[in-house]
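Here is the structure we will look at.
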Amino acid sequence: MNFGGLHTNHRAIVAVAAIVFFVLTLVMAVLPALREQASPALAGAKARGHEEERGRQVYMREGCGFCHTQFVRDLPMDRPYGRASQPGDYALENPPMLGTQRTGPDLSDVGTRQPSEAWHMIHLYDPRAVVPQSVMPAYRWFFVEKGQAGPVDVVVPVPAGRAPHGKVIVAGPDAIELVRYLLSLKQAKVSR
Amino acid sequence: MRDPGLVASPSVDSATVQVMFEYVVSATFWLLVGTGIGLIASIKLHWPEFLPFSWLSFGRVRPVHTNTVLLGWSSLVLVGLSFYVVARTSRVALWSPRLARIALWLWNLALLGGLATLLAGASRGPQEYREWVWPLAVILAAAVLIDGYVAYRTVGARALPEVYVSNWYILGAFCYLPIIYVTSYLPFYQGGLGNTVVQGYYMHNAMGMWFTQLALGISYYAIPRLLGRPIYSYALGVLGFWTNLLFYPLIGAHHFIFSPEAWWLQTTAILFSVGMMVPVWAGTGNLLLTFKGGGGAVRRSYALPFFVVGLIGYGLSSTQGTIEAFRNANIYWHFTNFTVGHSHAAMYGFIAFIAWGAVYGLLPRLTGREPNPLAVGVHFWLALVGVLTYVIAISVAGVLQGFAWVAGQSFIASVIAAEPMWLWRTIGGLLMVSSHVVFAVNVWAMRPQRAASPAVSPAAVRSPA
């Protein structure tokens, strides 16, 4: 059987395959990506401050996005997490972290849903102190144990029995910045 | 058309054997590392206080697991086997074993760097399989390009006019991966949601245009070779090549169904996910039909059963992928562990089993040394029972999560529902990792003999043919 002479010409096979795939890459990835990139930010969106941006780096470093999505679908089961996400929600994100797994809940609007800094601090130090069945890692390395808190220390109100006896738990810079970032996750209002 | 692999060929030169073996050994090393780390990640989901160190926290070991098994184990073993296939079907020695060895060191350097940087927390964020910082990506891209050039020059020097169908798949894969990889790292179109479009394209095409292509290319050589009979249909093999090229790149967006990405992109993806059934079943059917009447050979061979599992794994996991793309199925399954089950069915039930079949079937022919057949059997059954346990458990977990969400229960209900299944997943994973230790022992048993010319030898198949 002859496939247009291709079967005896390795250069032609490689050239045709590479060109076809390259064109499909342009059509299905690069051009649609350029279009999405052009989506303007939503009117009410706020640019992140310095600390919030550092918190976002901590979020990326620790791989939070492997378990938590930032992507609300227009489906009834996603209602608890906010309104459906729009391209404009991600205009200022680099990279956006929509995610593919929801081992933990979606965080698109967590700053609205859970605005308590203390709750987030306890939750990062010991997730099972606030949600007994949680399987989230405890990020102990964000915190320092001290005999006594200093004047500027952010003390975490860990429930009795969840921290070493006679110690206070003080939030380190990673914890403070990450919580700033989490609290900044608020969906901008849109009129629909 | 005649199958050139069936013609007695001059014995492969020892430099080719040596470098191919080095690829297999490196791959095996990364298999042990990557799945060992995967096991740690698995345990952490039902025992969150296990190994509570920053560099072993779930979010850091997860990308180390995926990158190591994909780029370390799966890629290196398939590239090593591909070198054997391009050389044998072209009936020449590998074009430059020296360059191939340099590329292998680049692979290993990038993998080691990736392991260290991700555990230390240097990551581009949760962008699956492209978490590595860019300098490591440059090293990896260079390694792939060198490997591709070696394969291309080998086929170019072939001693017969036809380019055997295996080499279509293999040369194709070496064209596609550099395009995929460079596209995924270049930043010019990846602002905002543009990044997510590229993410869908990348993580999808890296599977079907690299791993699947290489695994099929190797299968189209190894299966006829081990059975001692030509493939069922050469034309179907070529049809599979072209339809895979035309359909597969269109469906990356099916990882982001119901996302704010353009609706046409999602719908095209769903549509051609159905179209993918053509190359998938052309390939699976073609290769399985090659076995027709060869049952005796399968029973006597320790390599062929791996291929049977791998081909069934290919057909089933790909069909599962198509079904997952439908919007009404996606509602229940997306974001759940069902996706994790699917990726393991494909990368393990398909790719790893094909790779093992080819290593057991081809390596003894090169080195003249066979592994203990009993040990190969132990590997086979541990891996098969392990992956079945894993995939069933994690798929059930996914369904339970999906149902809990659709029922509108509080989020933690989905965690409580899935947790017993996560323990079963660890049990399956433990069997899988144990099988890899046995595999490593078997690879060592097949090592090339020192200073001896490689004999063409007691084949893995002792069939009358």
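Chains: A, B, ... in order of the structure tokens. Residues: from 1 per chain. Ligands: from 1, in order shown.
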* Which residues come within 9 Å of Phe258 (chain B), counting only C-alpha atoms, excluding same-chain residues fewer than 3 positions away, as a PyMOL selection string? -> (chain A and resi 72-75) or (chain B and resi 261+263+266+327+330-331)
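Using only C-alpha atoms, we find that the part of chain A lying within 6 Å of chain B comprises A:His7, A:Thr8, A:Ala18, A:Ala29, A:Ala33, A:Leu34, A:Glu36, A:Gln37, A:Met60, A:Arg61, A:Glu62, A:Gly63, A:Cys64, A:Gly65, A:Phe66, A:Arg73, A:Met77, A:Gln86, A:Pro87, A:Tyr90, A:Ala91, A:Glu93, A:Thr100, A:Gln101, A:Arg102, A:Val135, A:Pro137.
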* Quick one: pull the distance between CA of Ala345 (chain B) and CA of Tyr390 (chain B), Å, one decimal. =>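 According to the coordinates, CA of Ala345 (chain B) and CA of Tyr390 (chain B) are separated by 9.1 Å.
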* To do: Give the alpha helix (DSSP H) residues of region 174-222 of chain B, as DSSP finds them on the backbone, and put them as a PyMOL selection string.
  => chain B and resi 174-185+194-206+212-222
* To do: Would you work out the distance separating CA of Tyr181 (chain A) from CA of Thr112 (chain A), expressed in Å to one decimal?
  =>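 Going from CA of Tyr181 (chain A) over to CA of Thr112 (chain A), I get 12.3 Å.
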* To do: Please provide as a PyMOL selection string all residues within 10 Å of Ser96 (chain B), with the sequence filter that same-chain residues fewer than 4 positions apart are discarded (counting only C-alpha atoms).
  => chain B and resi 15-16+19+100-101+147+149-151+153-154
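For the set A:Thr25, A:Gly172, A:Glu117, A:Pro127, the residue with the smallest atom-to-atom gap to Tyr181 (chain B) is A:Thr25, counting only C-alpha atoms.
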* **CA of Ser75 (chain B) to CA of Trp134 (chain B), straight-line distance in Å** => 19.0 Å
* To do: Excluding Thr103 (chain A) and any residue of its chain fewer than 2 positions from it, enumerate the residues within 7 Å of it, using only C-alpha atoms, and give them as a PyMOL selection string.
  => chain A and resi 67-68+101+105
Selection export as a tab-separated table (two decimals), in the first residue's frame, atoms kept: N, CA and C atoms:
chain	number	residue	atom	x	y	z
A	67	CYS	N	-4.77	21.07	45.64
A	67	CYS	CA	-5.98	20.59	46.32
A	67	CYS	C	-7.11	21.62	46.31
A	68	HIS	N	-6.77	22.89	46.16
A	68	HIS	CA	-7.80	23.94	46.22
A	68	HIS	C	-7.93	24.60	44.85
A	101	GLN	N	-8.20	19.74	40.82
A	101	GLN	CA	-8.62	18.85	41.90
A	101	GLN	C	-9.23	19.67	43.03
A	105	PRO	N	-11.88	22.73	49.64
A	105	PRO	CA	-12.88	23.57	48.97
A	105	PRO	C	-12.26	24.64	48.07
* Asked: Out of B:Phe326, B:Phe272, B:Trp422, B:Tyr232, which residue has the shortest atom-to-atom distance to Phe291 (chain B) when counting only C-alpha atoms?
  ->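 That would be B:Tyr232, the residue with the smallest distance to Phe291 (chain B).
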